[in-house]
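> The following file, target.cif, comprises mmCIF, C-alpha atoms and all ligand atoms:
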```cif
data_protein
#
loop_
_atom_site.label_atom_id
_atom_site.label_comp_id
_atom_site.auth_asym_id
_atom_site.auth_seq_id
_atom_site.Cartn_x
_atom_site.Cartn_y
_atom_site.Cartn_z
CA MET A 1 -3.62 -117.86 -60.75
CA HIS A 2 -3.34 -118.83 -57.12
CA THR A 3 -3.77 -122.50 -56.31
CA PRO A 4 -4.35 -123.42 -52.67
CA GLY A 5 -2.84 -126.74 -51.69
CA THR A 6 -5.03 -129.79 -51.90
CA GLN A 7 -4.72 -132.85 -49.75
CA GLY A 8 -3.74 -136.18 -51.14
CA THR A 9 -2.64 -139.44 -49.66
CA GLY A 10 0.36 -141.66 -50.20
CA SER A 11 3.88 -140.99 -51.36
CA ALA A 12 5.25 -138.57 -53.92
CA PRO A 13 4.52 -139.16 -57.60
CA GLU A 14 7.15 -140.40 -60.01
CA ALA A 15 9.58 -137.74 -61.17
CA GLY A 16 8.64 -135.79 -64.28
CA SER A 17 4.89 -135.74 -63.78
CA GLU A 18 2.99 -132.99 -62.04
CA VAL A 19 0.42 -133.96 -59.46
CA ILE A 20 -3.19 -133.49 -60.59
CA PRO A 21 -5.09 -131.92 -57.68
CA ALA A 22 -8.57 -133.07 -56.67
CA ALA A 23 -9.84 -129.47 -56.83
CA ARG A 24 -8.44 -126.17 -58.04
CA PRO A 25 -10.26 -123.09 -56.72
CA VAL A 26 -9.83 -120.07 -58.99
CA ILE A 27 -8.65 -116.75 -57.60
CA GLY A 28 -7.65 -115.05 -60.83
CA ASP A 29 -6.74 -111.47 -61.71
CA ALA A 30 -10.41 -110.51 -62.15
CA GLU A 31 -11.27 -111.81 -58.67
CA VAL A 32 -8.31 -109.94 -57.13
CA GLU A 33 -9.22 -106.73 -58.97
CA ALA A 34 -12.84 -106.98 -57.85
CA ALA A 35 -11.78 -107.47 -54.23
CA VAL A 36 -9.31 -104.58 -54.38
CA ARG A 37 -11.91 -102.31 -55.96
CA VAL A 38 -14.24 -102.94 -53.01
CA LEU A 39 -11.46 -102.60 -50.43
CA ARG A 40 -10.33 -99.27 -51.91
CA GLY A 41 -13.93 -98.07 -51.95
CA GLY A 42 -14.03 -98.43 -48.17
CA LEU A 43 -17.54 -99.91 -47.95
CA VAL A 44 -16.69 -103.55 -47.36
CA VAL A 45 -19.62 -104.99 -45.37
CA GLN A 46 -22.95 -106.04 -46.86
CA GLY A 47 -23.77 -103.34 -49.39
CA PRO A 48 -24.26 -102.71 -53.11
CA GLU A 49 -22.10 -105.63 -54.27
CA VAL A 50 -24.17 -108.07 -52.19
CA ALA A 51 -27.41 -106.63 -53.59
CA ALA A 52 -26.09 -106.91 -57.16
CA PHE A 53 -24.83 -110.46 -56.58
CA GLU A 54 -28.23 -111.49 -55.22
CA GLU A 55 -29.98 -110.10 -58.31
CA GLU A 56 -27.54 -111.75 -60.67
CA PHE A 57 -27.65 -115.14 -58.94
CA ALA A 58 -31.45 -115.17 -59.34
CA ALA A 59 -30.83 -116.11 -62.99
CA VAL A 60 -29.40 -119.46 -61.79
CA VAL A 61 -32.57 -120.29 -59.80
CA ASP A 62 -35.45 -119.46 -62.13
CA GLY A 63 -35.70 -115.85 -60.95
CA ARG A 64 -36.30 -116.64 -57.30
CA THR A 65 -35.44 -114.06 -54.65
CA CYS A 66 -31.93 -114.56 -53.29
CA VAL A 67 -30.56 -113.64 -49.87
CA ALA A 68 -26.78 -113.91 -49.53
CA VAL A 69 -25.16 -115.06 -46.29
CA ASN A 70 -21.71 -115.97 -45.01
CA SER A 71 -21.76 -119.73 -45.73
CA GLY A 72 -23.80 -122.62 -47.08
CA THR A 73 -24.32 -123.84 -43.52
CA SER A 74 -25.76 -120.45 -42.55
CA ALA A 75 -28.00 -120.61 -45.61
CA LEU A 76 -29.45 -123.98 -44.50
CA HIS A 77 -29.75 -122.87 -40.89
CA LEU A 78 -31.56 -119.61 -41.73
CA ALA A 79 -33.78 -121.27 -44.35
CA LEU A 80 -35.13 -123.61 -41.67
CA LEU A 81 -35.63 -120.79 -39.18
CA ALA A 82 -37.33 -118.58 -41.77
CA LEU A 83 -39.76 -121.42 -42.60
CA GLY A 84 -40.63 -121.71 -38.92
CA ILE A 85 -38.90 -125.05 -38.34
CA GLY A 86 -37.45 -125.51 -34.86
CA PRO A 87 -37.78 -127.35 -31.55
CA GLY A 88 -40.19 -130.29 -31.67
CA ASP A 89 -39.88 -130.63 -35.45
CA GLU A 90 -38.22 -133.39 -37.43
CA VAL A 91 -36.54 -132.92 -40.81
CA VAL A 92 -35.92 -135.88 -43.11
CA VAL A 93 -32.38 -135.74 -44.52
CA PRO A 94 -30.04 -138.15 -46.30
CA SER A 95 -27.16 -139.40 -44.18
CA PHE A 96 -24.90 -139.58 -47.23
CA SER A 97 -23.94 -135.89 -47.32
CA PHE A 98 -21.64 -133.36 -45.71
CA ALA A 99 -22.37 -133.06 -41.97
CA ALA A 100 -23.57 -129.48 -42.49
CA THR A 101 -26.86 -130.85 -43.85
CA ALA A 102 -27.79 -132.41 -40.50
CA ASN A 103 -25.93 -129.83 -38.41
CA ALA A 104 -28.15 -127.07 -39.81
CA VAL A 105 -31.22 -128.98 -38.62
CA ARG A 106 -29.78 -129.30 -35.11
CA LEU A 107 -28.64 -125.66 -35.09
CA ALA A 108 -32.23 -124.67 -35.86
CA GLY A 109 -33.33 -126.68 -32.81
CA ALA A 110 -35.01 -129.44 -34.83
CA GLU A 111 -34.02 -133.11 -35.12
CA PRO A 112 -32.74 -134.79 -38.30
CA VAL A 113 -34.24 -138.13 -39.31
CA PHE A 114 -31.96 -140.00 -41.68
CA ALA A 115 -33.45 -141.70 -44.70
CA GLU A 116 -31.92 -143.96 -47.31
CA ILE A 117 -30.56 -142.86 -50.68
CA ASP A 118 -31.00 -144.18 -54.19
CA ALA A 119 -28.13 -146.62 -54.81
CA GLU A 120 -27.35 -145.15 -58.23
CA THR A 121 -27.55 -141.37 -57.84
CA PHE A 122 -26.78 -141.20 -54.08
CA CYS A 123 -29.70 -138.77 -53.60
CA LEU A 124 -32.57 -139.03 -51.07
CA ASP A 125 -35.00 -141.77 -52.12
CA PRO A 126 -38.67 -140.62 -52.07
CA ASP A 127 -39.95 -144.00 -50.84
CA ALA A 128 -37.42 -144.05 -48.03
CA ALA A 129 -38.33 -140.46 -47.17
CA ALA A 130 -42.00 -141.47 -47.04
CA ALA A 131 -41.15 -144.31 -44.65
CA ALA A 132 -39.28 -141.87 -42.39
CA LEU A 133 -42.26 -139.54 -41.88
CA GLY A 134 -43.81 -139.24 -38.45
CA PRO A 135 -46.21 -136.95 -36.59
CA ARG A 136 -43.41 -134.42 -35.98
CA THR A 137 -42.03 -134.28 -39.53
CA ALA A 138 -42.01 -130.67 -40.69
CA ALA A 139 -39.73 -130.71 -43.72
CA LEU A 140 -37.72 -132.70 -46.25
CA MET A 141 -34.15 -131.65 -46.99
CA PRO A 142 -32.92 -133.40 -50.14
CA VAL A 143 -29.29 -132.91 -51.20
CA HIS A 144 -28.30 -132.58 -54.86
CA LEU A 145 -25.18 -134.57 -54.10
CA TYR A 146 -22.07 -134.24 -56.27
CA GLY A 147 -24.04 -131.91 -58.57
CA HIS A 148 -26.69 -134.49 -59.52
CA PRO A 149 -30.28 -133.32 -58.92
CA ALA A 150 -32.34 -135.22 -56.33
CA PRO A 151 -35.65 -136.72 -57.60
CA MET A 152 -37.68 -133.57 -56.90
CA ALA A 153 -40.96 -134.68 -58.50
CA GLY A 154 -41.35 -137.58 -56.07
CA LEU A 155 -40.13 -135.58 -53.09
CA ALA A 156 -42.31 -132.55 -53.86
CA GLY A 157 -45.37 -134.81 -54.26
CA LEU A 158 -44.66 -136.40 -50.90
CA ALA A 159 -44.24 -132.99 -49.28
CA ARG A 160 -47.50 -131.73 -50.78
CA ARG A 161 -49.49 -134.75 -49.59
CA HIS A 162 -48.20 -134.33 -46.02
CA GLY A 163 -47.99 -130.54 -45.81
CA LEU A 164 -44.21 -130.50 -45.42
CA ALA A 165 -41.73 -127.80 -46.34
CA VAL A 166 -38.94 -128.65 -48.79
CA VAL A 167 -35.47 -127.17 -48.30
CA GLU A 168 -33.07 -128.05 -51.12
CA ASP A 169 -29.44 -128.46 -50.12
CA ALA A 170 -28.02 -127.31 -53.46
CA CYS A 171 -24.59 -126.51 -52.00
CA GLN A 172 -22.92 -128.75 -54.61
CA ALA A 173 -25.26 -128.12 -57.53
CA HIS A 174 -25.07 -124.60 -58.97
CA GLY A 175 -26.75 -124.82 -62.38
CA ALA A 176 -27.96 -128.42 -62.14
CA ALA A 177 -31.46 -129.06 -63.50
CA LEU A 178 -34.22 -131.63 -63.88
CA HIS A 179 -36.17 -131.70 -67.14
CA GLY A 180 -34.96 -128.16 -67.83
CA ARG A 181 -35.94 -126.77 -64.44
CA PRO A 182 -32.98 -125.62 -62.35
CA VAL A 183 -32.36 -126.91 -58.85
CA GLY A 184 -33.11 -124.19 -56.38
CA GLY A 185 -36.40 -123.63 -58.19
CA PHE A 186 -38.26 -126.55 -56.58
CA GLY A 187 -38.33 -126.13 -52.81
CA ASP A 188 -39.74 -123.59 -50.35
CA ALA A 189 -36.09 -122.62 -49.98
CA ALA A 190 -32.87 -123.69 -51.65
CA CYS A 191 -29.38 -123.22 -50.30
CA PHE A 192 -26.08 -122.84 -52.13
CA SER A 193 -22.51 -122.72 -50.83
CA PHE A 194 -19.70 -120.62 -52.23
CA TYR A 195 -16.85 -122.35 -50.42
CA PRO A 196 -13.63 -122.33 -52.51
CA THR A 197 -13.91 -125.91 -53.80
CA LYS A 198 -17.55 -125.56 -54.91
CA ASN A 199 -18.41 -124.99 -58.58
CA MET A 200 -18.11 -121.25 -57.91
CA HIS A 201 -16.99 -119.42 -54.79
CA THR A 202 -16.93 -116.18 -52.82
CA LEU A 203 -14.02 -117.28 -50.53
CA GLU A 204 -16.70 -118.19 -47.96
CA GLY A 205 -20.38 -117.59 -48.59
CA GLY A 206 -23.81 -118.94 -49.29
CA ILE A 207 -27.20 -117.94 -50.62
CA VAL A 208 -30.83 -118.84 -49.95
CA ALA A 209 -33.25 -118.74 -52.89
CA VAL A 210 -36.95 -118.51 -52.06
CA PRO A 211 -40.20 -118.06 -54.01
CA ASP A 212 -41.89 -116.08 -51.22
CA ALA A 213 -41.22 -112.38 -50.56
CA GLU A 214 -42.22 -112.64 -46.89
CA VAL A 215 -39.76 -115.50 -46.29
CA ALA A 216 -37.09 -113.46 -48.09
CA ARG A 217 -37.72 -110.55 -45.73
CA THR A 218 -37.47 -112.87 -42.70
CA LEU A 219 -34.16 -114.20 -44.05
CA ARG A 220 -32.82 -110.65 -44.40
CA LEU A 221 -33.83 -109.94 -40.82
CA LEU A 222 -32.30 -113.17 -39.49
CA ARG A 223 -28.92 -112.60 -41.16
CA ASN A 224 -28.63 -109.10 -39.73
CA GLN A 225 -29.51 -109.11 -36.01
CA GLY A 226 -33.23 -109.11 -36.73
CA MET A 227 -33.26 -105.57 -38.06
CA GLU A 228 -34.13 -103.82 -41.30
CA GLN A 229 -33.95 -100.28 -39.89
CA ARG A 230 -30.84 -99.63 -37.82
CA TYR A 231 -31.41 -100.61 -34.17
CA ALA A 232 -35.06 -101.45 -34.76
CA HIS A 233 -34.62 -105.15 -33.94
CA GLU A 234 -37.82 -106.98 -34.82
CA VAL A 235 -36.75 -110.54 -34.08
CA VAL A 236 -33.71 -112.35 -32.67
CA GLY A 237 -31.21 -112.60 -35.49
CA ALA A 238 -27.58 -113.52 -36.02
CA ASN A 239 -24.78 -111.87 -37.94
CA MET A 240 -24.51 -114.02 -41.03
CA ARG A 241 -23.94 -111.26 -43.55
CA MET A 242 -21.87 -111.67 -46.69
CA THR A 243 -19.20 -109.03 -47.20
CA ASP A 244 -19.09 -106.87 -50.33
CA VAL A 245 -15.60 -108.25 -50.99
CA SER A 246 -17.04 -111.77 -51.22
CA ALA A 247 -19.99 -110.64 -53.33
CA ALA A 248 -17.68 -108.82 -55.78
CA ILE A 249 -15.66 -112.04 -56.20
CA GLY A 250 -18.90 -113.99 -56.58
CA ARG A 251 -20.06 -111.69 -59.38
CA VAL A 252 -16.86 -112.37 -61.31
CA GLN A 253 -17.19 -116.11 -60.74
CA LEU A 254 -20.87 -116.14 -61.70
CA GLU A 255 -19.99 -114.84 -65.16
CA ARG A 256 -17.81 -117.89 -65.66
CA LEU A 257 -20.09 -120.48 -64.04
CA GLN A 258 -21.75 -121.60 -67.28
CA GLY A 259 -18.42 -122.11 -69.06
CA TRP A 260 -16.93 -123.93 -66.07
CA THR A 261 -19.99 -126.19 -65.89
CA GLU A 262 -19.66 -127.08 -69.56
CA GLN A 263 -15.98 -127.84 -68.99
CA ARG A 264 -16.85 -130.11 -66.05
CA GLN A 265 -19.44 -131.89 -68.20
CA SER A 266 -17.02 -132.37 -71.06
CA ASN A 267 -14.34 -133.63 -68.64
CA ALA A 268 -16.88 -136.08 -67.21
CA LYS A 269 -17.74 -137.28 -70.71
CA ALA A 270 -14.08 -137.99 -71.42
CA LEU A 271 -13.69 -139.83 -68.11
CA ASP A 272 -16.88 -141.82 -68.83
CA ALA A 273 -15.53 -142.84 -72.22
CA GLY A 274 -12.15 -143.80 -70.81
CA LEU A 275 -13.39 -145.66 -67.74
CA ALA A 276 -16.64 -147.27 -68.92
CA GLY A 277 -14.87 -150.44 -70.09
CA ASN A 278 -13.17 -150.98 -66.72
CA PRO A 279 -15.05 -153.76 -64.93
CA ALA A 280 -13.59 -152.82 -61.53
CA LEU A 281 -15.46 -149.54 -61.25
CA THR A 282 -18.81 -147.92 -62.10
CA VAL A 283 -18.91 -144.47 -63.66
CA PRO A 284 -21.48 -142.01 -62.27
CA PRO A 285 -24.95 -142.62 -63.71
CA VAL A 286 -27.19 -139.73 -64.73
CA ALA A 287 -30.95 -139.99 -64.15
CA ASP A 288 -33.40 -139.37 -67.01
CA GLY A 289 -33.83 -135.64 -67.60
CA ALA A 290 -31.06 -134.71 -65.16
CA ARG A 291 -28.45 -132.07 -65.88
CA HIS A 292 -25.47 -133.18 -63.78
CA VAL A 293 -22.99 -130.37 -63.09
CA TYR A 294 -20.27 -132.71 -61.76
CA HIS A 295 -19.26 -130.91 -58.61
CA GLN A 296 -17.67 -134.33 -58.15
CA TYR A 297 -17.03 -137.14 -60.58
CA THR A 298 -17.62 -140.07 -58.28
CA VAL A 299 -16.99 -143.67 -59.25
CA ARG A 300 -17.89 -146.74 -57.22
CA ILE A 301 -15.31 -149.40 -56.50
CA PRO A 302 -17.03 -152.49 -55.12
CA GLY A 303 -15.21 -154.56 -52.57
CA GLY A 304 -15.30 -152.32 -49.52
CA ALA A 305 -13.40 -149.40 -48.05
CA ALA A 306 -10.03 -151.20 -47.85
CA VAL A 307 -10.02 -151.89 -51.61
CA ARG A 308 -11.23 -148.37 -52.39
CA ASP A 309 -8.60 -146.83 -50.11
CA ALA A 310 -5.91 -148.95 -51.79
CA VAL A 311 -7.03 -147.66 -55.21
CA GLN A 312 -6.81 -144.12 -53.86
CA ARG A 313 -3.24 -144.71 -52.65
CA GLU A 314 -2.23 -146.25 -55.97
CA LEU A 315 -3.71 -143.27 -57.81
CA ARG A 316 -1.72 -140.89 -55.64
CA VAL A 317 1.52 -142.77 -56.38
CA ARG A 318 0.73 -142.12 -60.05
CA GLY A 319 0.28 -138.38 -59.43
CA VAL A 320 -3.52 -138.27 -59.33
CA CYS A 321 -5.22 -136.91 -56.20
CA SER A 322 -8.70 -138.15 -55.42
CA ALA A 323 -11.08 -137.79 -52.50
CA VAL A 324 -13.72 -139.69 -50.56
CA TYR A 325 -16.96 -137.80 -49.94
CA TYR A 326 -17.90 -139.00 -47.36
CA PRO A 327 -16.04 -141.84 -45.62
CA THR A 328 -18.37 -141.76 -42.60
CA PRO A 329 -22.07 -141.20 -43.23
CA ILE A 330 -23.63 -138.60 -40.94
CA HIS A 331 -25.70 -141.15 -38.97
CA ARG A 332 -22.43 -142.73 -37.78
CA LEU A 333 -20.88 -139.44 -36.59
CA ARG A 334 -20.78 -138.86 -32.85
CA PRO A 335 -23.53 -136.21 -32.62
CA TYR A 336 -25.97 -138.49 -34.46
CA GLU A 337 -25.01 -142.12 -33.79
CA HIS A 338 -27.32 -142.38 -30.76
CA LEU A 339 -30.30 -142.04 -33.12
CA GLY A 340 -29.50 -145.59 -34.20
CA ALA A 341 -30.35 -145.21 -37.90
CA ARG A 342 -29.77 -148.33 -39.99
CA LEU A 343 -28.89 -147.44 -43.57
CA PRO A 344 -27.17 -150.25 -45.50
CA VAL A 345 -27.30 -148.55 -48.92
CA THR A 346 -25.66 -145.47 -47.43
CA ASP A 347 -23.03 -147.51 -45.59
CA ARG A 348 -22.14 -149.33 -48.75
CA ALA A 349 -21.87 -146.11 -50.76
CA ALA A 350 -19.55 -144.62 -48.13
CA ALA A 351 -17.28 -147.66 -48.47
CA GLU A 352 -17.19 -147.63 -52.28
CA VAL A 353 -17.14 -144.05 -53.55
CA LEU A 354 -14.08 -142.31 -54.89
CA SER A 355 -14.13 -138.86 -56.51
CA LEU A 356 -11.66 -138.31 -59.35
CA PRO A 357 -10.54 -134.85 -60.53
CA VAL A 358 -13.12 -133.28 -62.89
CA HIS A 359 -12.56 -129.56 -62.22
CA PRO A 360 -12.30 -127.08 -65.11
CA GLY A 361 -8.60 -126.51 -64.38
CA LEU A 362 -7.70 -129.91 -65.90
CA ALA A 363 -5.65 -129.87 -69.09
CA PRO A 364 -6.70 -132.27 -71.90
CA GLY A 365 -3.68 -134.47 -71.18
CA ASP A 366 -4.71 -134.70 -67.52
CA LEU A 367 -7.86 -136.61 -68.47
CA ASP A 368 -5.83 -139.27 -70.28
CA ARG A 369 -3.49 -139.49 -67.30
CA ILE A 370 -6.41 -139.96 -64.90
CA VAL A 371 -7.92 -142.73 -67.06
CA THR A 372 -4.58 -144.52 -67.42
CA ALA A 373 -3.73 -144.14 -63.73
CA ALA A 374 -7.19 -145.42 -62.73
CA GLY A 375 -6.73 -148.53 -64.84
CA GLN A 376 -3.31 -149.20 -63.33
CA ALA A 377 -4.46 -148.35 -59.80
CA VAL A 378 -7.36 -150.82 -59.75
CA ARG A 379 -5.00 -153.53 -61.00
CA ALA A 380 -2.30 -152.66 -58.47
CA ALA A 381 -4.86 -152.55 -55.66
CA GLY A 382 -6.28 -155.92 -56.63
CA ALA A 383 -9.71 -154.36 -57.16
CA GLU A 384 -10.10 -156.05 -60.53
CA GLY A 385 -11.15 -159.35 -59.03
CA THR A 386 -14.12 -157.78 -57.23
CA VAL A 387 -17.42 -158.63 -58.81
CA LEU A 388 -19.76 -155.89 -59.91
CA ARG A 389 -23.35 -156.49 -58.92
C1 LIG B 1 -20.39 -127.41 -48.73
C2 LIG B 1 -21.68 -127.99 -48.29
C3 LIG B 1 -22.45 -127.42 -47.26
C4 LIG B 1 -21.97 -126.28 -46.41
O1 LIG B 1 -21.50 -125.17 -47.08
P1 LIG B 1 -20.41 -124.23 -46.35
O2 LIG B 1 -20.35 -123.05 -47.25
O3 LIG B 1 -19.14 -125.00 -46.29
O4 LIG B 1 -20.93 -123.90 -45.00
C5 LIG B 1 -23.67 -127.98 -46.97
N1 LIG B 1 -24.13 -129.05 -47.63
C6 LIG B 1 -23.41 -129.65 -48.60
C7 LIG B 1 -23.99 -130.84 -49.30
C8 LIG B 1 -22.16 -129.15 -48.94
O5 LIG B 1 -21.44 -129.75 -49.89
#
```
For the structure just supplied, provide its representation as structure tokens.

Amino acid sequence: MHTPGTQGTGSAPEAGSEVIPAARPVIGDAEVEAAVRVLRGGLVVQGPEVAAFEEEFAAVVDGRTCVAVNSGTSALHLALLALGIGPGDEVVVPSFSFAATANAVRLAGAEPVFAEIDAETFCLDPDAAAAALGPRTAALMPVHLYGHPAPMAGLAGLARRHGLAVVEDACQAHGAALHGRPVGGFGDAACFSFYPTKNMHTLEGGIVAVPDAEVARTLRLLRNQGMEQRYAHEVVGANMRMTDVSAAIGRVQLERLQGWTEQRQSNAKALDAGLAGNPALTVPPVADGARHVYHQYTVRIPGGAAVRDAVQRELRVRGVCSAVYYPTPIHRLRPYEHLGARLPVTDRAAAEVLSLPVHPGLAPGDLDRIVTAAGQAVRAAGAEGTVLR
């Protein structure tokens, strides 16, 4: 198994203990064999493997039609274009997400409007989304952040009342569900990423799931220079095709997604049990009826970014890598700061979150080490004195 390097901070761990990485993308023998099979076959661009992958991924999203592309960002971008969202339109998005969420809106020619998140689940808050609506609002783009589903009932109701499209950013939430209904099955379009650190990958890749055959056809045109028949370009399109090599790897990964998800959930359960008694941090809550797929296992450490960063350094000294998603909310990034959004719940989340390893590559002993190291790290960082509200 090949393990790409993962970033950490701080000095080397004590001798005798292996570092626990924050993520461990799998490129196993089956993935290599699938890629080689396609390469030896000679037909490597979008072809039969992509078509098969699209059919098989439909099972994850309630049977919706899937159109594979070259990244999650492309998926979001094309979903907006295919739904007719562009210049003059506004799209309500959370600021507490990866920049790709807002970038896709800008790339489509529309303008993101940042709305506040729920303080517990970090997902777009329906009341805040309602307050962000204006005469130009064309769509809502909730993010199922860290693998926890956004509150789709409230958001879908809001969209229905105002005639808005809903584009789910499900890039971190393959297999997540709400009251038994999978994410990707709620919106007018839903977008997944297959970047190596996601719950499953295709090296690089993404997919759009849609309930509407006409929108699916538009997506297929847009990803391939606007043509269905060779050189009969119907619209202006890009080249955002997935390769057959990627799709073949994705098909192998898809077979293991369910097992990996269960492993993530059982790892999260062990971390919950080990960390719940620690007053210096909050374990990730799960909303009623939500199936959390733990793309990240994200704790909150109250006290501000300096305390949180100190805990992260102390964890690294003890051989545990962790990560902050995302230290700067999108509304404070240079392309968006001029919009002047004021989002205190988001700012506070960005200063307090820390994602601990939860990936299926963890050994049982790793979970104990993470729990022990977290206890020591909050003490060493002086985070214990901070009061939980
Ligand atoms: C990863 C991710 C994306 C972008 O996916 P890429 O495949 O990296 O382009 C978009 N939104 C969120 C929330 C993500 O985590």
> Quick one: distance from atom O2 of ligand LIG 1 (chain B) to CA of Ala270 (chain A) in Å, one decimal?
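Rounded to one decimal, the two atoms are 29.1 Å apart.
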> Using Å and a single decimal, report how far CA of Lys198 (chain A) sits from CA of Val283 (chain A).
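Computing it gives 20.9 Å between the two atoms.
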> Counting only C-alpha atoms, note down every residue that has an atom within 7 Å of the point (-28.5, -147.8, -48.7) (file coordinates), as number ranges by chain.
A: 116-117, 119, 343-348
> Please give the centre and size of the box around ligand LIG 1 (chain B) (axis-aligned, containing every atom listed in the file, 3 Å added per side), with values in Å to one decimal and written as AutoDock Vina command-line options.

```
--center_x -21.6 --center_y -126.9 --center_z -47.4 --size_x 11.0 --size_y 13.8 --size_z 10.9
```
> Select from chain A every residue with an atom at most 10 Å from any atom of ligand LIG 1 (chain B), then for each give the shortest pair of atoms and their distance in Å to one decimal, using all atoms listed in the file, rows by chain and rising number, as a tab-separated table.

```
residue	atom	partner	partner_atom	distance
A:Val69	CA	B:LIG1	O2	9.4
A:Asn70	CA	B:LIG1	O2	7.5
A:Ser71	CA	B:LIG1	O2	3.9
A:Gly72	CA	B:LIG1	O1	3.4
A:Thr73	CA	B:LIG1	O4	3.7
A:Ser74	CA	B:LIG1	O4	6.4
A:Ala75	CA	B:LIG1	O4	7.8
A:Leu76	CA	B:LIG1	C5	7.5
A:His77	CA	B:LIG1	O4	9.8
A:Pro94	CA	B:LIG1	C7	10.0
A:Phe96	CA	B:LIG1	C7	9.0
A:Ser97	CA	B:LIG1	C7	5.4
A:Phe98	CA	B:LIG1	C7	5.0
A:Ala99	CA	B:LIG1	N1	7.2
A:Ala100	CA	B:LIG1	C5	4.7
A:Thr101	CA	B:LIG1	N1	5.0
A:Ala102	CA	B:LIG1	N1	8.7
A:Asn103	CA	B:LIG1	C5	9.0
A:Ala104	CA	B:LIG1	C5	8.5
A:Pro142	CA	B:LIG1	C7	9.3
A:Val143	CA	B:LIG1	C7	6.0
A:His144	CA	B:LIG1	C7	7.2
A:Leu145	CA	B:LIG1	C7	6.2
A:Tyr146	CA	B:LIG1	O5	7.8
A:Gly147	CA	B:LIG1	O5	9.3
A:Glu168	CA	B:LIG1	N1	9.6
A:Asp169	CA	B:LIG1	N1	5.9
A:Ala170	CA	B:LIG1	C7	6.8
A:Cys171	CA	B:LIG1	C8	4.7
A:Gln172	CA	B:LIG1	O5	5.0
A:Ala173	CA	B:LIG1	O5	8.7
A:Cys191	CA	B:LIG1	C5	8.1
A:Phe192	CA	B:LIG1	O1	7.2
A:Ser193	CA	B:LIG1	O2	4.2
A:Phe194	CA	B:LIG1	O2	5.6
A:Tyr195	CA	B:LIG1	O2	4.8
A:Pro196	CA	B:LIG1	O2	8.6
A:Thr197	CA	B:LIG1	C1	8.4
A:Lys198	CA	B:LIG1	C1	7.0
A:His201	CA	B:LIG1	O2	9.0
A:Thr202	CA	B:LIG1	O2	9.5
A:Leu203	CA	B:LIG1	O2	9.2
A:Glu204	CA	B:LIG1	O2	6.1
A:Gly205	CA	B:LIG1	O2	5.6
A:Gly206	CA	B:LIG1	O2	5.7
A:Ile207	CA	B:LIG1	O2	9.2
A:His295	CA	B:LIG1	O5	9.1
A:Tyr325	CA	B:LIG1	O5	9.2
```
> Residues within 12 Å of Gly382 (chain A), please, as JSON, numbers by chain. Count all atoms listed in the file; anything in the same chain fewer than 5 positions from it doesn't count.
{"A": [280, 301, 302, 303, 306, 307, 308, 309, 310, 311, 314, 375, 376, 377, 387]}
> Considering all atoms listed in the file, state which residue in the set A:Val67, A:Val60, A:Ala159, A:Val353 is at the smallest distance from Arg217 (chain A).
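Smallest distance to Arg217 (chain A) is found for A:Val67.
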> What does the distance from CA of Arg256 (chain A) to CA of Val299 (chain A) come to in Å, to one decimal?
26.6 Å
> Pull the neighbourhood of (-35.1, -131.1, -47.9) for me: all residues within 8 Å in file coordinates, counting all atoms listed in the file, as a ChimeraX atom specification.
/A:91-93,139-143,165-169,187
> Of the residues A:Pro151, A:Asp212, A:Ser355, A:Ser95, which is the one nearest to Leu333 (chain A), using only C-alpha atoms?
A:Ser95
> From the options A:Phe57, A:Tyr297, A:Tyr336, A:Tyr231, which residue's atoms come nearest to Pro357 (chain A), counting all atoms listed in the file?
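Of A:Phe57, A:Tyr297, A:Tyr336, A:Tyr231, the one nearest Pro357 (chain A) is A:Tyr297, counting all atoms listed in the file.
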> Using all atoms listed in the file, which residue out of A:Arg264, A:His179, A:Arg223, A:Arg230 lies closest to Pro364 (chain A)?
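Using all atoms listed in the file, the shortest distance to Pro364 (chain A) belongs to A:Arg264.
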> For each of A:Ala68, A:Ala273, A:Leu257, A:Ala238, take the minimum atom-to-atom distance to Ala209 (chain A), counting all atoms listed in the file, then give the residue where this is smallest.
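Of A:Ala68, A:Ala273, A:Leu257, A:Ala238, the one nearest Ala209 (chain A), counting all atoms listed in the file, is A:Ala68.
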> Set the distance at 12 Å and use all atoms listed in the file: which residues neighbour Gly163 (chain A) once local chain neighbours fewer than 3 positions away are removed? I'd like the list as a list in words.
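So the residues in contact are Leu133, Pro135, Arg136, Thr137, Ala138, Ala139, Leu140, Leu155, Ala156, Gly157, Leu158, Ala159, Arg160, Val166 and Asp188 of chain A.
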> Set the distance at 8 Å and use all atoms listed in the file: which residues neighbour Gln265 (chain A) once local chain neighbours fewer than 5 positions away are removed? I'd like the list as number ranges by chain.
A: 292-294
